[in-house]
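Heads up: the structure comes next, in structure tokens.
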Amino acid sequence: MNENFDRAPGAGRSRNFPADPGLMTGAGDADSKTPLFNQREPLRQPRTTPPFTENSIGSVSDIPDGDYRRQSRPPQSPNYNNTSASRGGNDVDSMIKSSKLSANAPEFVPLGFNQYDDSAYYDDSDAYYGEPTLADTVTDFLGHLSSSPGSFESDVEDITGILNSWVTTEELLKELVELIYTQSTSIPNFAYTGARLCNYLSHHLIITPASGNFRQLLLKRCQTEFQQRDAAVRGEPETQKKFHSYVLFLGELYLHLEIKSGQGPPVRARVLLGALKDLLISLFSSPVDANLICAVKLLKLTGSVLDDAWKESGESHMGELIKRIEDIVLDAACSRDVRQMLLKLVELRSSDWGRVLAAAAASSATPDNDPNYFMNEPTFYTEDGTPFTAADPDYAEKYQEMLDRQDYFHDVYGENGNEIYDFEDEMEPEMIEAFENFCLESERKRQQ
């Protein structure tokens with residue numbers, strides 16, 4: 001290995017050159033072994049510590065508490081010399097032998113690292129800046145759930161326990177609501193997990209101030225954005241994008257936010273049902289492509305649930321919305337792709353949102369009440385290759401013909417496939433004589 005290879009951070013900034021007789025020693029100075037260019041440029045240190053120089057030897061007590069915990073490099077001797085290859089090799093070997101790091105480790109986790117409770121935070125220069133705030137903690141939680149949504153069930157209880165120890169005042173609860181709302185409407189694809197988290201916290205957060213509990217404060221925050229809907233659908237593209245994220249989050253919130261009643265199972269927040277209808281009307285009132293795409297996404301997400309809820313209350317709001325879509329397809333100047341999306345949505349609603357009714361019970365299933373009655377029946381083929389199944393009106397007749405044909409070949413070839421039928425028994429004497437003459441004539445022509 002090249003003795004000039006340096007593993008320290010900032011390697012390459014030194015001005016060492018390979019050993020050369022003309023540079024390393026002077027003529028007639030055989031005892032001099034000190035290189036001409038061996039001064040190393042000092043590395044930049046964190047702003048919280050004094051600059052490190054090779055002539056200064058600091059002790060552990062000289063390092064501030066916050067910086068010492070981040071130290072990963074052992075103190076270097078001021079007499080370190082790159083020209084001493086054997087000594088450098090020994091130092092590297094000793095470090096390798098004493099190291100507990102493994103190249104096969106799945107990830108590197110610093111000693112004492114706690115995923116949810118860092119005792120100190122550092123900026124880009126490793127400067128200590130104090131204990132984490134509620135915003136820091138919630139951001140870490142949401143980032144973890146965003147990157148690992150599959151761990152929601154196993155982690156949400158621990159997260160809620162930590163938040164209960166954090167959120168002890170009305171101001172902190174409002175800050176928590178704002179943080180979760182902002183992250184749920186800004187992080188791509190986090191609306192689903194954010195809505196689930198809101199539902200869980202609404203039932204398990206302990207604090208309930210006079211201004212309202214977590215769910216009530218969350219709905220108030222959503223109401224603020226809801227009141228700006230008419231301006232948002234006609235705003236700048238960035239404003240529309242934020243509004244569309246809010247709309248889809250509200251759809252997820254309607255599907256997942258449960259309100260426990262005194263009797264019976266939990267119910268959905270009915271206030272969100274009316275809000276989603278008004279949001280769809282606002283989106284259709286400004287039929288540009290972005291608004292229409294958002295409306296299609298919302299209806300694909302919640303259409304079946306909204307339709308059922310309105311039917312139970314005897315309201316025809318879904319039919320009115322579909323009529324608006326049909327008018328937009330005919331009149332609005334939307335793009336061809338968006339128009340196709342709207343037509344597919346109308347078709348989806350006509351098929352009851354793609355839902356398949358439960359098949360009739362096996363004991364009462366008939367070809368008349370179960371369209372899948374013949375689904376698993378085998379397919380057969382007639383003598384001329386025409387397929388038929390048990391659903392065919394002539395099934396019995398065709399099936400019997402197939403069985404007769406199988407019996408015929410069974411008599412001809414037998415069970416083991418060997419031929420047992422002699423076709424010569426059916427040949428007339430004239431046919432035998434003609435066949436023999438044909439064979440003799442063919443032999444004579446071949447010899448000529």
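FYI, nothing fancy with the structure tokens labels: chains A, B, ... in order, residues from 1 per chain, ligands from 1 as they appear.
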
Nearby residues (only C-alpha atoms) at most 12 Å from Asp352 in chain A, same-chain spacing under 3 positions excluded, as a PyMOL selection string:
chain A and resi 300+303-308+318+345-349+355-357

Write the residues of the preceding selection, restricted to C-alpha atoms, as a CSV table (one decimal), in the first residue's frame.
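Writing done, so here's result_4.csv:
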```
chain,number,residue,atom,x,y,z
A,300,LYS,CA,-62.3,7.1,-6.8
A,303,GLY,CA,-67.1,7.6,-4.2
A,304,SER,CA,-68.6,4.3,-3.0
A,305,VAL,CA,-68.7,5.4,0.6
A,306,LEU,CA,-70.2,8.8,-0.2
A,307,ASP,CA,-72.8,7.2,-2.5
A,308,ASP,CA,-73.9,4.8,0.2
A,318,MET,CA,-74.0,11.7,-6.2
A,345,LEU,CA,-65.4,7.6,-13.7
A,346,VAL,CA,-69.0,7.7,-14.9
A,347,GLU,CA,-68.6,4.1,-16.1
A,348,LEU,CA,-67.2,3.1,-12.7
A,349,ARG,CA,-70.2,4.6,-10.9
A,355,ARG,CA,-68.2,-3.7,-6.4
A,356,VAL,CA,-69.3,-7.3,-7.1
A,357,LEU,CA,-72.3,-8.6,-5.2
```

Neighbours of range 282-285 of chain A within 9 Å (only C-alpha atoms; same-chain residues fewer than 3 positions away dropped), as a list in words?
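Near neighbours after the sequence-gap exclusion: Arg229, Asp230, Val233, Lys277, Asp278, Leu279, Val288, Asn291, Leu292, Cys294, Ala295, Leu321, Arg324, Ile325 and Ile328 of chain A.
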
If we count only C-alpha atoms and set the cut-off at 9 Å, which residues sit around range 200-207 of chain A, ignoring sequence neighbours fewer than 4 positions away in its own chain? Please answer as a PyMOL selection string.
chain A and resi 156-157+160-161+163-164+167-170+173+195-196+213-216+257-260

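Going from CA of Asn189 in chain A to CA of Cys334 in chain A covers 25.9 Å.
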
Just asking: which residues within range 173-415 of chain A are strand (DSSP E) according to DSSP, as JSON, numbers by chain?
{"A": [258, 259, 267, 268, 380, 381, 387, 388]}

Since we have the selection now, will you write its residues out, keeping all heavy atoms, as a JSON list (two decimals), in the first residue's frame?
```json
[["chain", "number", "residue", "atom", "x", "y", "z"],
["A", 258, "GLU", "N", -62.90, 8.15, 13.15],
["A", 258, "GLU", "CA", -64.08, 7.54, 13.77],
["A", 258, "GLU", "C", -64.45, 8.30, 15.03],
["A", 258, "GLU", "O", -63.60, 8.69, 15.82],
["A", 258, "GLU", "CB", -63.80, 6.07, 14.11],
["A", 258, "GLU", "CG", -63.51, 5.21, 12.90],
["A", 258, "GLU", "CD", -63.16, 3.78, 13.28],
["A", 258, "GLU", "OE1", -62.74, 3.58, 14.46],
["A", 258, "GLU", "OE2", -63.30, 2.88, 12.45],
["A", 259, "ILE", "N", -65.76, 8.47, 15.20],
["A", 259, "ILE", "CA", -66.28, 9.15, 16.38],
["A", 259, "ILE", "C", -67.08, 8.13, 17.19],
["A", 259, "ILE", "O", -68.04, 7.54, 16.68],
["A", 259, "ILE", "CB", -67.17, 10.34, 16.00],
["A", 259, "ILE", "CG1", -66.36, 11.35, 15.17],
["A", 259, "ILE", "CG2", -67.76, 11.01, 17.23],
["A", 259, "ILE", "CD1", -67.18, 12.52, 14.68],
["A", 267, "VAL", "N", -68.87, 5.91, 14.34],
["A", 267, "VAL", "CA", -69.42, 6.43, 13.09],
["A", 267, "VAL", "C", -68.43, 7.43, 12.49],
["A", 267, "VAL", "O", -67.53, 7.93, 13.17],
["A", 267, "VAL", "CB", -70.79, 7.11, 13.32],
["A", 267, "VAL", "CG1", -71.80, 6.08, 13.81],
["A", 267, "VAL", "CG2", -70.67, 8.25, 14.32],
["A", 268, "ARG", "N", -68.60, 7.71, 11.21],
["A", 268, "ARG", "CA", -67.76, 8.71, 10.55],
["A", 268, "ARG", "C", -68.24, 10.11, 10.88],
["A", 268, "ARG", "O", -69.39, 10.33, 11.25],
["A", 268, "ARG", "CB", -67.77, 8.49, 9.03],
["A", 268, "ARG", "CG", -67.07, 7.22, 8.59],
["A", 268, "ARG", "CD", -66.93, 7.19, 7.08],
["A", 268, "ARG", "NE", -66.10, 6.06, 6.65],
["A", 268, "ARG", "CZ", -66.58, 4.89, 6.28],
["A", 268, "ARG", "NH1", -67.90, 4.69, 6.27],
["A", 268, "ARG", "NH2", -65.77, 3.92, 5.92],
["A", 380, "PHE", "N", -65.17, -28.54, -23.29],
["A", 380, "PHE", "CA", -65.02, -29.69, -24.17],
["A", 380, "PHE", "C", -65.03, -29.22, -25.62],
["A", 380, "PHE", "O", -65.35, -28.06, -25.91],
["A", 380, "PHE", "CB", -66.15, -30.71, -23.93],
["A", 380, "PHE", "CG", -66.25, -31.18, -22.51],
["A", 380, "PHE", "CD1", -67.18, -30.64, -21.63],
["A", 380, "PHE", "CD2", -65.39, -32.16, -22.03],
["A", 380, "PHE", "CE1", -67.26, -31.07, -20.32],
["A", 380, "PHE", "CE2", -65.47, -32.60, -20.72],
["A", 380, "PHE", "CZ", -66.41, -32.05, -19.86],
["A", 381, "TYR", "N", -64.70, -30.16, -26.55],
["A", 381, "TYR", "CA", -64.64, -29.83, -27.96],
["A", 381, "TYR", "C", -65.35, -30.92, -28.77],
["A", 381, "TYR", "O", -65.20, -32.11, -28.49],
["A", 381, "TYR", "CB", -63.18, -29.69, -28.42],
["A", 381, "TYR", "CG", -62.47, -28.52, -27.79],
["A", 381, "TYR", "CD1", -61.83, -28.67, -26.55],
["A", 381, "TYR", "CD2", -62.48, -27.27, -28.39],
["A", 381, "TYR", "CE1", -61.20, -27.60, -25.95],
["A", 381, "TYR", "CE2", -61.83, -26.20, -27.78],
["A", 381, "TYR", "CZ", -61.20, -26.36, -26.57],
["A", 381, "TYR", "OH", -60.59, -25.30, -25.98],
["A", 387, "PRO", "N", -65.75, -25.52, -29.34],
["A", 387, "PRO", "CA", -65.79, -25.67, -27.88],
["A", 387, "PRO", "C", -67.22, -25.58, -27.34],
["A", 387, "PRO", "O", -68.07, -24.89, -27.90],
["A", 387, "PRO", "CB", -64.94, -24.50, -27.39],
["A", 387, "PRO", "CG", -65.08, -23.46, -28.46],
["A", 387, "PRO", "CD", -65.21, -24.20, -29.75],
["A", 388, "PHE", "N", -67.46, -26.26, -26.25],
["A", 388, "PHE", "CA", -68.75, -26.15, -25.58],
["A", 388, "PHE", "C", -68.56, -26.47, -24.10],
["A", 388, "PHE", "O", -67.63, -27.17, -23.71],
["A", 388, "PHE", "CB", -69.79, -27.09, -26.21],
["A", 388, "PHE", "CG", -69.51, -28.55, -25.98],
["A", 388, "PHE", "CD1", -70.10, -29.25, -24.93],
["A", 388, "PHE", "CD2", -68.65, -29.26, -26.83],
["A", 388, "PHE", "CE1", -69.84, -30.60, -24.73],
["A", 388, "PHE", "CE2", -68.39, -30.60, -26.63],
["A", 388, "PHE", "CZ", -68.99, -31.28, -25.57]]
```

Env of Lys398 in chain A: 12 Å cut, atoms = only C-alpha atoms, seq-sep filter 2 positions within chain, self excluded. Answer as a VMD selection string.
chain A and resid 379 to 396 400 to 405

Point-to-point distance from CA of Glu312 in chain A to CA of Arg270 in chain A, Å rounded to tenths
12.7 Å

Among listed residues A:Ala275, A:Ile293, A:Ala333, A:Leu197, nearest Phe152 in chain A (using only C-alpha atoms):
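Closest to Phe152 in chain A, using only C-alpha atoms: A:Leu197.
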
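Atom to atom, CA of Leu145 in chain A and CA of Ser261 in chain A stand 29.1 Å apart.
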
Using only C-alpha atoms, the residue out of A:Leu301, A:Ala309, A:Val247, A:Ala232 with shortest distance to Ser286 in chain A is A:Ala232

Write out as number ranges by chain all residues of range 201-383 of chain A that backbone DSSP assigns to alpha helix (DSSP H).
A: 201-204, 214-226, 229-232, 237-256, 270-285, 289-312, 317-331, 336-350

Export of the given selection (C-alpha atoms) as a CSV table (one decimal), in the first residue's frame:
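And here's selection.csv as it stands now:
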```
chain,number,residue,atom,x,y,z
A,201,LEU,CA,-54.5,10.3,18.5
A,202,SER,CA,-58.1,11.5,18.7
A,203,HIS,CA,-58.8,8.5,20.9
A,204,HIS,CA,-55.5,8.2,22.9
A,214,PHE,CA,-57.4,16.9,19.3
A,215,ARG,CA,-60.1,15.9,16.9
A,216,GLN,CA,-62.1,19.2,17.4
A,217,LEU,CA,-58.9,21.3,16.9
A,218,LEU,CA,-58.1,19.3,13.8
A,219,LEU,CA,-61.5,19.9,12.3
A,220,LYS,CA,-61.2,23.6,13.1
A,221,ARG,CA,-57.9,23.7,11.2
A,222,CYS,CA,-59.5,22.0,8.2
A,223,GLN,CA,-62.4,24.4,8.4
A,224,THR,CA,-60.0,27.3,7.9
A,225,GLU,CA,-58.8,25.8,4.6
A,226,PHE,CA,-62.3,24.9,3.6
A,229,ARG,CA,-61.9,26.8,-1.5
A,230,ASP,CA,-63.5,29.1,-4.1
A,231,ALA,CA,-60.4,31.3,-4.3
A,232,ALA,CA,-58.1,28.3,-4.2
A,237,PRO,CA,-50.9,26.6,-9.9
A,238,GLU,CA,-49.0,26.4,-6.6
A,239,THR,CA,-52.1,27.4,-4.6
A,240,GLN,CA,-54.2,24.9,-6.5
A,241,LYS,CA,-51.6,22.1,-5.8
A,242,LYS,CA,-51.7,22.8,-2.0
A,243,PHE,CA,-55.5,22.9,-2.1
A,244,HIS,CA,-55.7,19.6,-3.9
A,245,SER,CA,-53.4,18.0,-1.3
A,246,TYR,CA,-55.8,19.3,1.4
A,247,VAL,CA,-58.8,17.8,-0.5
A,248,LEU,CA,-57.3,14.4,-0.7
A,249,PHE,CA,-56.3,14.5,2.9
A,250,LEU,CA,-59.8,15.4,3.9
A,251,GLY,CA,-61.1,12.4,1.9
A,252,GLU,CA,-58.7,10.1,3.8
A,253,LEU,CA,-59.8,11.7,7.0
A,254,TYR,CA,-63.4,11.0,6.3
A,255,LEU,CA,-62.6,7.3,5.7
A,256,HIS,CA,-60.5,6.8,8.8
A,270,ARG,CA,-70.8,13.6,9.2
A,271,VAL,CA,-69.5,17.1,9.0
A,272,LEU,CA,-66.9,15.9,6.5
A,273,LEU,CA,-69.6,14.3,4.3
A,274,GLY,CA,-71.1,17.7,3.6
A,275,ALA,CA,-67.7,19.3,3.2
A,276,LEU,CA,-66.6,16.8,0.6
A,277,LYS,CA,-69.7,17.5,-1.5
A,278,ASP,CA,-69.0,21.3,-1.4
A,279,LEU,CA,-65.4,20.7,-2.3
A,280,LEU,CA,-66.4,18.7,-5.3
A,281,ILE,CA,-68.8,21.4,-6.4
A,282,SER,CA,-66.0,24.0,-6.1
A,283,LEU,CA,-63.6,21.8,-8.2
A,284,PHE,CA,-66.2,21.4,-10.9
A,285,SER,CA,-67.0,25.1,-10.9
A,289,ASP,CA,-57.4,19.9,-15.9
A,290,ALA,CA,-55.8,20.1,-12.4
A,291,ASN,CA,-59.1,20.6,-10.6
A,292,LEU,CA,-60.8,17.8,-12.6
A,293,ILE,CA,-58.0,15.3,-11.9
A,294,CYS,CA,-58.3,16.1,-8.2
A,295,ALA,CA,-62.0,15.5,-8.3
A,296,VAL,CA,-61.6,12.2,-10.1
A,297,LYS,CA,-59.0,11.1,-7.5
A,298,LEU,CA,-61.3,12.1,-4.7
A,299,LEU,CA,-64.3,10.2,-6.1
A,300,LYS,CA,-62.3,7.1,-6.8
A,301,LEU,CA,-61.1,7.2,-3.2
A,302,THR,CA,-64.4,7.9,-1.5
A,303,GLY,CA,-67.1,7.6,-4.2
A,304,SER,CA,-68.6,4.3,-3.0
A,305,VAL,CA,-68.7,5.4,0.6
A,306,LEU,CA,-70.2,8.8,-0.2
A,307,ASP,CA,-72.8,7.2,-2.5
A,308,ASP,CA,-73.9,4.8,0.2
A,309,ALA,CA,-74.1,7.5,2.9
A,310,TRP,CA,-76.2,9.7,0.7
A,311,LYS,CA,-78.5,6.9,-0.4
A,312,GLU,CA,-79.1,6.0,3.3
A,317,HIS,CA,-76.0,14.3,-4.4
A,318,MET,CA,-74.0,11.7,-6.2
A,319,GLY,CA,-76.4,11.7,-9.2
A,320,GLU,CA,-76.1,15.5,-9.3
A,321,LEU,CA,-72.3,15.3,-9.3
A,322,ILE,CA,-72.3,12.7,-12.1
A,323,LYS,CA,-74.6,15.0,-14.1
A,324,ARG,CA,-72.1,17.8,-13.7
A,325,ILE,CA,-69.4,15.5,-14.9
A,326,GLU,CA,-71.4,14.6,-18.0
A,327,ASP,CA,-72.0,18.3,-18.8
A,328,ILE,CA,-68.2,19.0,-18.4
A,329,VAL,CA,-67.4,16.2,-20.8
A,330,LEU,CA,-69.7,17.8,-23.4
A,331,ASP,CA,-68.9,21.5,-22.9
A,336,ARG,CA,-58.6,14.6,-24.1
A,337,ASP,CA,-56.9,12.5,-21.4
A,338,VAL,CA,-58.9,14.3,-18.6
A,339,ARG,CA,-62.1,13.8,-20.6
A,340,GLN,CA,-61.4,10.1,-20.9
A,341,MET,CA,-60.8,10.0,-17.1
A,342,LEU,CA,-64.2,11.6,-16.5
A,343,LEU,CA,-65.9,9.1,-18.8
A,344,LYS,CA,-64.2,6.2,-17.0
A,345,LEU,CA,-65.4,7.6,-13.7
A,346,VAL,CA,-69.0,7.7,-14.9
A,347,GLU,CA,-68.6,4.1,-16.1
A,348,LEU,CA,-67.2,3.1,-12.7
A,349,ARG,CA,-70.2,4.6,-10.9
A,350,SER,CA,-72.6,2.8,-13.2
```
